[in-house]
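Everything below belongs to my_file_10.txt, which stores compact mmCIF, C-alpha atoms.
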# COMPACT_ATOMS: atom_id res chain seq x y z
CA MET A 1 0.00 0.00 0.00
CA ALA A 2 2.69 2.39 0.97
CA ASP A 3 4.54 1.68 -2.20
CA ILE A 4 1.65 2.62 -4.33
CA GLN A 5 1.18 5.87 -2.54
CA VAL A 6 4.80 6.82 -3.03
CA GLU A 7 4.59 5.99 -6.66
CA GLU A 8 1.50 8.05 -7.15
CA LYS A 9 3.07 10.96 -5.43
CA SER A 10 6.13 10.89 -7.57
CA ARG A 11 4.05 10.46 -10.67
CA GLY A 12 1.84 13.34 -9.81
CA GLY A 13 4.78 15.59 -9.53
CA LYS A 14 6.25 14.72 -12.89
CA LYS A 15 4.90 15.38 -16.27
CA LYS A 16 3.92 12.46 -18.44
CA PRO A 17 7.04 11.07 -20.00
CA LYS A 18 5.52 9.73 -23.18
CA LYS A 19 2.60 10.74 -25.24
CA GLY A 20 2.08 7.37 -26.84
CA ASP A 21 -1.09 5.83 -28.07
CA ALA A 22 -2.95 4.66 -25.00
CA ARG A 23 -5.41 2.62 -26.96
CA VAL A 24 -5.47 -1.09 -26.31
CA ASP A 25 -5.80 -3.48 -29.17
CA MET A 26 -9.25 -4.89 -28.61
CA THR A 27 -9.38 -7.23 -31.57
CA PRO A 28 -8.64 -10.47 -29.65
CA MET A 29 -11.20 -9.54 -27.05
CA VAL A 30 -13.79 -8.85 -29.69
CA ASP A 31 -12.93 -12.13 -31.38
CA LEU A 32 -13.42 -14.05 -28.22
CA MET A 33 -16.62 -12.30 -27.37
CA SER A 34 -18.22 -12.84 -30.72
CA LEU A 35 -17.35 -16.50 -30.41
CA LEU A 36 -18.93 -16.70 -27.00
CA ILE A 37 -22.01 -14.83 -28.14
CA THR A 38 -22.44 -17.17 -31.07
CA PHE A 39 -22.10 -20.14 -28.75
CA PHE A 40 -24.65 -18.90 -26.27
CA MET A 41 -27.09 -17.81 -28.94
CA LEU A 42 -26.96 -21.17 -30.65
CA THR A 43 -27.26 -23.18 -27.47
CA ALA A 44 -30.15 -21.02 -26.34
CA ALA A 45 -32.01 -21.52 -29.59
CA PHE A 46 -31.38 -25.19 -30.27
CA SER A 47 -31.11 -26.82 -26.89
CA LYS A 48 -34.84 -26.97 -26.41
CA PRO A 49 -36.28 -30.36 -27.10
CA LYS A 50 -39.61 -30.63 -28.83
CA VAL A 51 -42.64 -32.29 -27.40
CA MET A 52 -45.46 -34.16 -29.00
CA GLU A 53 -48.72 -34.06 -27.17
CA ILE A 54 -50.97 -37.09 -26.99
CA VAL A 55 -54.17 -37.60 -25.11
CA LEU A 56 -55.21 -41.10 -24.24
CA PRO A 57 -58.79 -42.04 -23.49
CA GLU A 58 -59.56 -42.30 -19.83
CA LYS A 59 -58.96 -45.69 -18.37
CA VAL A 60 -61.99 -47.80 -17.60
CA ARG A 61 -61.77 -48.95 -14.03
CA LYS A 62 -62.64 -52.56 -13.34
CA ASN A 63 -65.77 -51.94 -11.27
CA GLU A 64 -67.06 -49.26 -13.59
CA LYS A 65 -69.43 -50.10 -16.40
CA VAL A 66 -68.79 -47.82 -19.31
CA GLU A 67 -70.03 -48.60 -22.76
CA PRO A 68 -67.19 -48.18 -25.20
CA PRO A 69 -68.11 -45.71 -27.92
CA LYS A 70 -69.55 -47.35 -30.97
CA ILE A 71 -67.79 -46.67 -34.22
CA ALA A 72 -68.61 -47.58 -37.76
CA GLU A 73 -66.85 -50.73 -38.86
CA SER A 74 -66.45 -49.47 -42.40
CA ARG A 75 -64.40 -46.50 -41.26
CA THR A 76 -62.22 -48.39 -38.85
CA LEU A 77 -58.61 -48.95 -39.69
CA ASN A 78 -56.57 -51.05 -37.30
CA ILE A 79 -52.84 -50.61 -37.13
CA ILE A 80 -50.69 -53.05 -35.22
CA LEU A 81 -47.10 -52.17 -34.45
CA GLY A 82 -45.09 -55.29 -34.99
CA PRO A 83 -41.52 -56.33 -34.28
CA ASP A 84 -38.55 -55.04 -36.33
CA ASP A 85 -40.30 -51.81 -37.35
CA LYS A 86 -43.00 -53.73 -39.18
CA VAL A 87 -46.52 -52.38 -39.31
CA PHE A 88 -49.59 -54.48 -39.88
CA TRP A 89 -52.96 -53.14 -40.76
CA TYR A 90 -56.40 -54.37 -41.57
CA PRO A 91 -59.72 -52.62 -42.07
CA GLY A 92 -62.84 -53.25 -40.06
CA LYS A 93 -63.25 -55.86 -37.40
CA ALA A 94 -60.86 -58.66 -36.60
CA ASP A 95 -62.08 -62.10 -37.54
CA PRO A 96 -59.62 -64.97 -37.11
CA GLU A 97 -61.06 -66.70 -40.18
CA VAL A 98 -61.31 -63.88 -42.64
CA THR A 99 -58.94 -61.09 -41.65
CA VAL A 100 -55.61 -61.00 -43.38
CA LEU A 101 -53.00 -58.64 -42.02
CA GLN A 102 -51.33 -56.39 -44.56
CA GLU A 103 -47.70 -55.82 -43.82
CA THR A 104 -46.03 -52.50 -44.44
CA ASN A 105 -43.38 -50.28 -42.86
CA PHE A 106 -42.70 -46.74 -41.72
CA SER A 107 -41.28 -45.46 -45.00
CA ALA A 108 -43.01 -42.76 -47.01
CA ASP A 109 -44.62 -45.36 -49.28
CA GLY A 110 -45.58 -47.55 -46.37
CA ILE A 111 -48.17 -46.83 -43.78
CA ARG A 112 -48.32 -43.17 -44.78
CA GLN A 113 -49.62 -44.10 -48.22
CA VAL A 114 -52.23 -46.38 -46.68
CA LEU A 115 -53.40 -43.62 -44.40
CA LEU A 116 -53.31 -40.99 -47.13
CA ASP A 117 -55.44 -43.13 -49.42
CA ARG A 118 -58.12 -43.21 -46.78
CA ASN A 119 -57.77 -39.68 -45.55
CA ARG A 120 -57.38 -37.95 -48.89
CA ALA A 121 -60.42 -35.70 -48.69
CA LEU A 122 -59.53 -34.27 -45.30
CA PHE A 123 -55.84 -34.01 -46.11
CA ARG A 124 -56.63 -32.02 -49.25
CA LYS A 125 -58.91 -29.74 -47.32
CA ILE A 126 -56.24 -29.00 -44.72
CA ASP A 127 -53.53 -28.71 -47.33
CA GLN A 128 -55.60 -26.28 -49.41
CA PHE A 129 -56.41 -24.25 -46.32
CA GLU A 130 -52.75 -23.98 -45.36
CA LYS A 131 -51.77 -23.02 -48.89
CA ASP A 132 -54.44 -20.32 -48.96
CA VAL A 133 -53.18 -18.92 -45.70
CA ILE A 134 -49.61 -18.84 -46.96
CA ALA A 135 -50.71 -17.24 -50.23
CA GLY A 136 -52.59 -14.62 -48.26
CA LYS A 137 -56.02 -15.53 -49.56
CA ILE A 138 -57.27 -16.12 -46.06
CA ASP A 139 -56.27 -13.61 -43.46
CA ILE A 140 -56.01 -15.48 -40.21
CA LYS A 141 -53.83 -15.47 -37.12
CA GLN A 142 -51.60 -18.36 -36.14
CA ASP A 143 -53.75 -19.33 -33.18
CA SER A 144 -57.04 -19.25 -34.99
CA MET A 145 -55.47 -21.15 -37.84
CA ARG A 146 -54.77 -24.04 -35.54
CA SER A 147 -58.30 -24.05 -34.21
CA ALA A 148 -59.64 -23.75 -37.75
CA ILE A 149 -57.71 -26.86 -38.71
CA SER A 150 -58.95 -28.75 -35.70
CA GLN A 151 -62.47 -27.63 -36.65
CA LEU A 152 -61.90 -29.03 -40.13
CA LYS A 153 -60.85 -32.30 -38.51
CA LYS A 154 -63.85 -32.29 -36.23
CA ASP A 155 -66.28 -31.78 -39.09
CA ASP A 156 -64.73 -34.53 -41.14
CA ASP A 157 -66.89 -37.61 -41.49
CA THR A 158 -65.17 -39.53 -44.24
CA GLY A 159 -61.69 -40.13 -42.91
CA PRO A 160 -60.72 -43.30 -41.12
CA ILE A 161 -60.96 -43.95 -37.43
CA VAL A 162 -57.57 -45.38 -36.63
CA LEU A 163 -57.06 -47.79 -33.77
CA ILE A 164 -53.42 -48.21 -32.91
CA LYS A 165 -52.30 -51.33 -31.14
CA ALA A 166 -48.87 -52.51 -30.20
CA TYR A 167 -47.60 -56.04 -30.28
CA LYS A 168 -45.38 -56.81 -27.32
CA THR A 169 -42.12 -56.70 -29.26
CA ALA A 170 -42.78 -53.24 -30.67
CA LYS A 171 -40.40 -50.44 -29.77
CA TYR A 172 -41.24 -47.09 -28.25
CA LYS A 173 -39.91 -45.52 -31.43
CA ASN A 174 -42.67 -47.21 -33.43
CA PHE A 175 -45.29 -45.75 -31.14
CA VAL A 176 -43.92 -42.24 -31.60
CA ASP A 177 -43.58 -42.81 -35.34
CA ILE A 178 -47.16 -43.92 -35.80
CA ILE A 179 -48.57 -41.00 -33.85
CA ASP A 180 -46.30 -38.84 -35.92
CA GLU A 181 -47.78 -40.30 -39.10
CA MET A 182 -51.22 -39.40 -37.79
CA SER A 183 -50.25 -35.76 -37.55
CA ILE A 184 -48.43 -35.79 -40.90
CA VAL A 185 -51.43 -37.22 -42.70
CA GLY A 186 -53.86 -35.21 -40.60
CA ILE A 187 -55.95 -38.09 -39.31
CA ALA A 188 -58.82 -36.61 -37.36
CA ARG A 189 -59.68 -39.56 -35.17
CA TYR A 190 -57.20 -42.00 -33.76
CA THR A 191 -56.61 -43.63 -30.47
CA PHE A 192 -54.42 -46.15 -28.82
CA THR A 193 -56.03 -49.32 -27.61
CA GLU A 194 -55.02 -52.62 -26.11
CA ILE A 195 -54.22 -55.41 -28.53
CA ASP A 196 -56.58 -58.38 -28.20
CA TRP A 197 -55.84 -62.07 -28.51
CA ILE A 198 -57.29 -62.41 -32.00
CA GLU A 199 -54.93 -59.77 -33.29
CA GLU A 200 -52.01 -61.25 -31.41
CA GLY A 201 -52.70 -64.54 -33.10
CA LEU A 202 -52.84 -62.82 -36.46
CA VAL A 203 -49.49 -61.14 -35.82
CA VAL A 204 -47.92 -64.42 -34.76
CA ASN A 205 -49.18 -65.98 -37.98
CA ALA A 206 -47.88 -63.07 -40.00
CA ILE A 207 -44.38 -63.09 -38.56
CA GLY A 208 -44.39 -66.85 -38.60
CA GLN A 209 -43.08 -67.61 -35.16
CA GLU A 210 -44.25 -68.19 -31.64
CA PRO A 211 -43.72 -65.38 -29.15
CA GLU A 212 -41.10 -65.99 -26.49
CA THR A 213 -43.48 -65.55 -23.60
CA ALA A 214 -47.04 -66.75 -23.83
CA SER A 215 -48.74 -63.95 -21.92
CA GLY A 216 -46.22 -61.14 -22.10
CA SER A 217 -48.55 -58.37 -23.08
CA ALA A 218 -51.60 -59.46 -21.13
CA GLN A 219 -51.66 -56.48 -18.84
CA MET B 1 -5.11 21.68 -58.49
CA PRO B 2 -3.85 21.23 -55.03
CA LYS B 3 -3.50 17.79 -53.82
CA ILE B 4 -5.86 16.66 -51.11
CA LYS B 5 -3.86 15.73 -48.14
CA LEU B 6 -4.98 12.72 -46.33
CA GLY B 7 -4.67 12.66 -42.61
CA THR B 8 -1.84 10.63 -41.26
CA LYS B 9 -4.03 9.24 -38.51
CA SER B 10 -3.99 5.53 -38.02
CA PRO B 11 -6.90 3.79 -39.71
CA ARG B 12 -7.90 2.03 -36.55
CA ILE B 13 -11.59 2.01 -35.84
CA ASP B 14 -12.89 2.76 -32.42
CA MET B 15 -14.24 -0.54 -31.29
CA THR B 16 -15.50 0.60 -27.92
CA PRO B 17 -19.22 0.79 -28.81
CA MET B 18 -19.02 -2.60 -30.46
CA VAL B 19 -17.33 -4.07 -27.44
CA ASP B 20 -19.95 -2.48 -25.21
CA LEU B 21 -22.69 -4.03 -27.22
CA PHE B 22 -20.98 -7.41 -27.26
CA VAL B 23 -20.50 -7.39 -23.53
CA LEU B 24 -24.16 -6.59 -23.05
CA LEU B 25 -25.28 -9.32 -25.41
CA LEU B 26 -22.91 -11.80 -23.85
CA THR B 27 -24.15 -11.02 -20.37
CA PHE B 28 -27.71 -11.40 -21.55
CA PHE B 29 -27.14 -14.76 -23.15
CA ILE B 30 -25.08 -16.09 -20.27
CA LEU B 31 -27.71 -15.07 -17.77
CA THR B 32 -30.65 -16.39 -19.75
CA ALA B 33 -28.93 -19.66 -20.62
CA THR B 34 -30.44 -22.49 -18.69
CA PHE B 35 -28.08 -25.31 -18.10
CA ARG B 36 -29.89 -28.55 -17.94
CA PRO B 37 -28.28 -30.91 -15.49
CA GLN B 38 -26.58 -33.81 -17.15
CA GLU B 39 -28.77 -36.85 -17.12
CA THR B 40 -26.97 -39.88 -15.84
CA ALA B 41 -28.75 -42.27 -18.17
CA PRO B 42 -28.33 -41.38 -21.82
CA VAL B 43 -31.60 -41.32 -23.71
CA ASP B 44 -31.87 -41.08 -27.49
CA THR B 45 -35.25 -39.62 -28.10
CA PRO B 46 -37.16 -40.68 -31.20
CA PHE B 47 -37.87 -38.23 -34.00
CA SER B 48 -41.15 -36.56 -34.79
CA VAL B 49 -42.49 -33.67 -36.82
CA SER B 50 -43.78 -31.85 -33.77
CA GLU B 51 -42.47 -28.33 -33.44
CA LYS B 52 -43.92 -27.54 -30.06
CA PRO B 53 -41.08 -26.54 -27.76
CA MET B 54 -40.81 -28.02 -24.31
CA MET B 55 -42.10 -25.97 -21.41
CA ASP B 56 -39.56 -24.43 -19.06
CA ALA B 57 -41.26 -25.00 -15.75
CA ASN B 58 -44.03 -27.04 -14.15
CA VAL B 59 -42.73 -30.19 -15.69
CA MET B 60 -42.38 -33.69 -14.42
CA THR B 61 -40.49 -36.08 -16.61
CA VAL B 62 -40.60 -39.82 -16.64
CA LEU B 63 -37.40 -41.01 -18.23
CA ILE B 64 -37.15 -44.46 -19.67
CA ALA B 65 -33.60 -45.47 -20.40
CA LYS B 66 -32.46 -47.95 -23.01
CA ASP B 67 -32.18 -50.73 -20.42
CA SER B 68 -35.78 -50.11 -19.31
CA ARG B 69 -34.80 -48.39 -16.07
CA VAL B 70 -37.29 -45.72 -15.14
CA PHE B 71 -36.23 -42.34 -13.80
CA PHE B 72 -38.38 -39.60 -12.45
CA ASN B 73 -37.65 -35.91 -12.53
CA VAL B 74 -39.55 -32.86 -11.48
CA ASP B 75 -38.57 -29.22 -11.48
CA ASN B 76 -38.67 -26.61 -8.77
CA GLY B 77 -41.54 -24.76 -10.36
CA PRO B 78 -41.56 -21.45 -12.23
CA ASP B 79 -39.98 -19.66 -9.28
CA THR B 80 -37.05 -20.96 -7.28
CA ILE B 81 -38.73 -19.76 -4.12
CA LEU B 82 -41.46 -22.37 -4.54
CA LYS B 83 -39.03 -25.22 -3.81
CA PHE B 84 -41.23 -28.00 -5.11
CA ARG B 85 -38.50 -30.62 -5.25
CA PRO B 86 -37.69 -30.75 -1.53
CA LYS B 87 -41.40 -30.70 -0.70
CA ILE B 88 -42.04 -33.70 -2.90
CA LEU B 89 -39.07 -35.54 -1.44
CA ALA B 90 -40.24 -34.79 2.09
CA GLU B 91 -43.68 -36.20 1.24
CA MET B 92 -42.08 -39.31 -0.18
CA GLY B 93 -39.96 -39.64 2.95
CA LYS B 94 -43.01 -39.30 5.14
CA ARG B 95 -44.74 -42.12 3.29
CA TYR B 96 -41.75 -44.42 3.73
CA ASN B 97 -40.88 -43.25 7.26
CA ILE B 98 -37.60 -41.75 6.17
CA GLU B 99 -36.68 -38.46 7.79
CA PHE B 100 -34.68 -36.31 5.41
CA THR B 101 -32.50 -33.67 6.99
CA GLU B 102 -32.54 -30.03 5.98
CA ASP B 103 -29.21 -30.48 4.19
CA GLU B 104 -30.41 -33.48 2.24
CA LEU B 105 -33.52 -31.63 1.12
CA ARG B 106 -31.46 -28.66 0.04
CA LEU B 107 -29.08 -30.91 -1.86
CA PHE B 108 -32.02 -32.54 -3.61
CA GLU B 109 -33.37 -29.13 -4.51
CA LYS B 110 -30.08 -27.90 -5.94
CA THR B 111 -29.21 -30.90 -8.07
CA GLY B 112 -31.79 -31.00 -10.79
CA THR B 113 -30.96 -34.53 -11.83
CA SER B 114 -33.61 -37.17 -12.02
CA VAL B 115 -34.36 -39.70 -9.35
CA GLY B 116 -33.10 -43.12 -10.31
CA VAL B 117 -32.94 -44.89 -6.98
CA PRO B 118 -35.54 -46.47 -4.75
CA ILE B 119 -36.53 -44.08 -1.96
CA GLN B 120 -34.95 -46.41 0.59
CA ASP B 121 -31.54 -45.73 -0.97
CA MET B 122 -32.12 -42.01 -1.35
CA LYS B 123 -30.22 -41.01 1.78
CA ALA B 124 -27.15 -42.99 0.81
CA TYR B 125 -27.44 -41.68 -2.75
CA LEU B 126 -27.58 -38.06 -1.65
CA ALA B 127 -24.56 -38.57 0.61
CA LEU B 128 -22.42 -39.75 -2.30
CA LYS B 129 -20.07 -37.24 -3.87
CA ASP B 130 -18.59 -39.20 -6.72
CA THR B 131 -20.61 -39.21 -9.93
CA ASP B 132 -19.50 -42.69 -10.94
CA GLU B 133 -20.61 -44.12 -7.63
CA LYS B 134 -23.93 -42.34 -8.05
CA ILE B 135 -24.44 -43.79 -11.49
CA ALA B 136 -23.62 -47.25 -10.18
CA MET B 137 -26.35 -46.87 -7.59
CA GLU B 138 -29.07 -45.92 -10.03
CA THR B 139 -31.19 -48.98 -10.50
CA GLY B 140 -34.26 -47.04 -11.55
CA VAL B 141 -37.42 -46.16 -9.69
CA PRO B 142 -39.39 -49.32 -8.83
CA ILE B 143 -42.56 -49.54 -10.89
CA ASP B 144 -43.82 -53.02 -10.05
CA SER B 145 -47.14 -53.30 -8.30
CA THR B 146 -45.71 -54.47 -4.96
CA ASP B 147 -43.78 -51.25 -4.47
CA ASN B 148 -44.87 -48.77 -7.07
CA GLN B 149 -42.76 -45.78 -6.15
CA LEU B 150 -43.19 -44.11 -9.52
CA ALA B 151 -46.92 -43.84 -8.86
CA LEU B 152 -46.21 -42.19 -5.51
CA TRP B 153 -43.72 -39.75 -7.03
CA ILE B 154 -46.35 -38.80 -9.59
CA LEU B 155 -49.02 -38.50 -6.92
CA PHE B 156 -46.94 -36.24 -4.67
CA ALA B 157 -45.61 -34.18 -7.56
CA ARG B 158 -49.19 -33.47 -8.60
CA GLN B 159 -50.26 -32.75 -5.05
CA VAL B 160 -47.44 -30.30 -4.43
CA ASN B 161 -47.68 -28.67 -7.83
CA PRO B 162 -51.12 -29.12 -9.40
CA ALA B 163 -50.06 -27.32 -12.57
CA VAL B 164 -47.39 -29.89 -13.36
CA LYS B 165 -47.34 -31.28 -16.89
CA THR B 166 -46.27 -34.78 -17.71
CA MET B 167 -43.40 -35.46 -20.05
CA ILE B 168 -42.28 -38.86 -21.17
CA LYS B 169 -38.75 -39.08 -22.39
CA GLY B 170 -38.18 -42.55 -23.67
CA ASP B 171 -35.30 -44.03 -25.55
CA ALA B 172 -36.20 -44.94 -29.11
CA ASP B 173 -35.33 -48.59 -28.54
CA VAL B 174 -37.22 -49.19 -25.33
CA PRO B 175 -39.60 -52.14 -25.70
CA PHE B 176 -43.12 -50.83 -25.87
CA PRO B 177 -44.58 -52.86 -22.97
CA VAL B 178 -42.36 -50.90 -20.58
CA VAL B 179 -43.74 -47.63 -21.93
CA ARG B 180 -47.23 -49.09 -21.74
CA GLU B 181 -46.64 -49.89 -18.07
CA VAL B 182 -45.55 -46.32 -17.37
CA LEU B 183 -48.56 -44.99 -19.27
CA ASP B 184 -50.78 -47.29 -17.22
CA ILE B 185 -49.32 -45.97 -13.97
CA LEU B 186 -49.88 -42.43 -15.14
CA GLN B 187 -53.43 -43.17 -16.20
CA ASP B 188 -54.11 -44.77 -12.84
CA LYS B 189 -53.25 -41.40 -11.39
CA ASN B 190 -55.66 -39.77 -13.85
CA VAL B 191 -53.01 -38.30 -16.10
CA ASN B 192 -54.37 -38.65 -19.61
CA ARG B 193 -52.45 -35.93 -21.36
CA PHE B 194 -48.84 -36.66 -22.08
CA ASN B 195 -46.06 -34.90 -23.84
CA LEU B 196 -43.59 -37.16 -25.52
CA ILE B 197 -40.19 -35.57 -25.79
CA THR B 198 -38.86 -35.98 -29.30
CA SER B 199 -36.28 -34.54 -31.63
CA LEU B 200 -37.39 -32.60 -34.65
CA ARG B 201 -37.37 -34.13 -38.11
CA ALA B 202 -39.13 -32.48 -41.00
CA VAL B 203 -41.32 -34.55 -43.28
CA GLU B 204 -43.22 -33.47 -46.31
CA VAL B 205 -45.94 -35.19 -48.20
CA THR B 206 -45.40 -34.87 -51.94
CA GLU B 207 -48.11 -34.06 -54.44
CA GLU B 208 -48.05 -37.49 -56.11
CA GLN B 209 -48.44 -39.20 -52.78
CA ILE B 210 -51.70 -37.43 -52.22
CA GLY B 211 -52.82 -38.91 -55.51
CA GLU B 212 -56.06 -38.45 -57.36
CA GLU B 213 -59.47 -38.46 -55.89

What would the structure in this file look like if it were written as structure tokens?
Amino acid sequence: MADIQVEEKSRGGKKKPKKGDARVDMTPMVDLMSLLITFFMLTAAFSKPKVMEIVLPEKVRKNEKVEPPKIAESRTLNIILGPDDKVFWYPGKADPEVTVLQETNFSADGIRQVLLDRNRALFRKIDQFEKDVIAGKIDIKQDSMRSAISQLKKDDDTGPIVLIKAYKTAKYKNFVDIIDEMSIVGIARYTFTEIDWIEEGLVVNAIGQEPETASGSAQ
Amino acid sequence: MPKIKLGTKSPRIDMTPMVDLFVLLLTFFILTATFRPQETAPVDTPFSVSEKPMMDANVMTVLIAKDSRVFFNVDNGPDTILKFRPKILAEMGKRYNIEFTEDELRLFEKTGTSVGVPIQDMKAYLALKDTDEKIAMETGVPIDSTDNQLALWILFARQVNPAVKTMIKGDADVPFPVVREVLDILQDKNVNRFNLITSLRAVEVTEEQIGEE
């Protein structure tokens, strides 16, 4: 402390010896800071994961007697998630004698094409609506656009009612993928239900092997 | 014509305003950056087209790791003063007759990592310092019906913070029955609205795929 005081005193008495450029070269500092800013900006923008919302129908408790909603057989499309990213589907009601499972996959020509074929009218409607909004033909806010699309879906009475079921060797990825396909194709009505023994038998026939455990998915 | 004399000043630009601005921006981004605590179990989320960003607060996450271990995580709420995490842990302790000390509760509040141990091991887990030892201890939250601790975590999380939203962060390769079990537990607790955490992947439907009417 004393040292500093002495120094200051002596300095104060003298005149400045040099009249050099007192400016500091700030380029490295600026370099570093722009790097840091870029880093923080990018991490702030991209670190957020996305979420996909699903709503499952309320569980029927054992002692409750609730009639399951009746749906038209002709509009029903059953999708069964199989092992090894396979997808099986059949229309209508399962009948061990008659029903034949169609096998497909998650590629663009797979289950998406099946769904699109059935949901064409609604998909076109939504697609046209979105195009009109982008082109500026319909003046609508982002929020009301979403509700308008869900209204379109609600009014739809031609598209399929999709029942999604999972065989016990399906992966979580398949579940996310199939719900994803629903939103890509704009299916208005879909739900996830428990696989029943008829369908399990059909899947076993289709993949041509016995399951490892007899009652693995009987939950 | 007289020549125009250029000044002999150095061509250096005054960078002070730029630096000022940079410092401000940097401070802003550093302060707003939220550092998510490193999850001990790596989870590769599946892809989807959903563009809805994850919420910042009021979130409880059920993590399902590749090896089917189940983790549970919940945040402190929108304000740090709310201290939801220690409250939930205290409730859990009460149910299992485990008295958590003030220090343990505070430690649980500060570390935002997910719960991956049975509540009986929680005290020992919190006492550990070494990350590797901690990871070795994480056997997952029990979800079987004899001791369904996940259901209790969900119950207390929803009691303490009624606004909590449910996230499911599953690994892409988890067998579906495990996910189904977790969904069942959630539905038993009357949670019917889930948010599946996914990574973004854009998909477009081409004109020819739509096909003719």

Q: Just need the residues of chain B within 7 Å of chain A, counting all atoms listed in the file, so spit them out as a PyMOL selection string.
A: chain B and resi 19+22+25-26+29-30+33+46+48-54+172-177+179+187+192-200+209-210

Q) Separation of atom CA of Ile81 of chain B and atom CA of Glu99 of chain B, in Å? A) 22.3 Å

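Using all atoms listed in the file, the residues found no farther than 6 Å from Gly140 of chain B, other than those of its own chain fewer than 3 positions away, are Arg69, Val70, Phe71, Gly116 and Val117 of chain B.
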
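The nearest approach to Arg95 of chain B among the residues B:Ile119, B:Ala124, B:Thr166, B:Asp20, with all atoms listed in the file taken into account, belongs to B:Ile119.
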
Which protein, DNA or RNA residues have an atom at most 10 Å from (-55.4, -24.8, -38.2), counting all atoms listed in the file? List them as a PDB file with C-alpha atoms, keeping the file's coordinate frame.
ATOM      1  CA  ILE A 126     -56.240 -29.000 -44.720  1.00  0.00           C
ATOM      2  CA  PHE A 129     -56.410 -24.250 -46.320  1.00  0.00           C
ATOM      3  CA  GLU A 130     -52.750 -23.980 -45.360  1.00  0.00           C
ATOM      4  CA  VAL A 133     -53.180 -18.920 -45.700  1.00  0.00           C
ATOM      5  CA  ILE A 140     -56.010 -15.480 -40.210  1.00  0.00           C
ATOM      6  CA  LYS A 141     -53.830 -15.470 -37.120  1.00  0.00           C
ATOM      7  CA  GLN A 142     -51.600 -18.360 -36.140  1.00  0.00           C
ATOM      8  CA  ASP A 143     -53.750 -19.330 -33.180  1.00  0.00           C
ATOM      9  CA  SER A 144     -57.040 -19.250 -34.990  1.00  0.00           C
ATOM     10  CA  MET A 145     -55.470 -21.150 -37.840  1.00  0.00           C
ATOM     11  CA  ARG A 146     -54.770 -24.040 -35.540  1.00  0.00           C
ATOM     12  CA  SER A 147     -58.300 -24.050 -34.210  1.00  0.00           C
ATOM     13  CA  ALA A 148     -59.640 -23.750 -37.750  1.00  0.00           C
ATOM     14  CA  ILE A 149     -57.710 -26.860 -38.710  1.00  0.00           C
ATOM     15  CA  SER A 150     -58.950 -28.750 -35.700  1.00  0.00           C
ATOM     16  CA  GLN A 151     -62.470 -27.630 -36.650  1.00  0.00           C
ATOM     17  CA  LEU A 152     -61.900 -29.030 -40.130  1.00  0.00           C
ATOM     18  CA  LYS A 153     -60.850 -32.300 -38.510  1.00  0.00           C
TER      19      LYS A 153
END

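Interatomic distance, atom CA of Pro96 of chain A against atom CA of Ala188 of chain A: 28.4 Å.
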
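For the atom pair formed by atom CA of Lys83 of chain B and atom CA of Ala151 of chain B, the distance is 20.8 Å, given to one decimal.
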
Q: Please provide the set of residues having any atom within 6 Å of segment 91-93 of chain A, restricted to all atoms listed in the file, with same-chain residues fewer than 5 positions apart removed, written as a PyMOL selection string.
A: chain A and resi 73-74+76-78

Q: Give as a PyMOL selection string the set of residues within 9 Å of the point (-41.5, -42.0, -0.1), where distances use the file's coordinates and all atoms listed in the file.
A: chain B and resi 88-98+118-120+149+152-153

Q | 9 Å contact set for segment 125-133 of chain B, all atoms listed in the file, chain neighbours under 2 positions out, as a PyMOL selection string | A | chain B and resi 40+104+107-108+117+121-123+135-138

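For the choices B:Ile168, B:Val191, B:Ala163, B:Leu155, the atom-to-atom distance to Thr61 of chain B is smallest for B:Ile168 when using all atoms listed in the file.
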
Q: For Val100 of chain A, list every protein, DNA or RNA residue within 9 Å, evaluated using all atoms listed in the file, and leave out those in the same chain fewer than 4 positions away; present the list as a PyMOL selection string.
A: chain A and resi 89-90+94-96+202+206
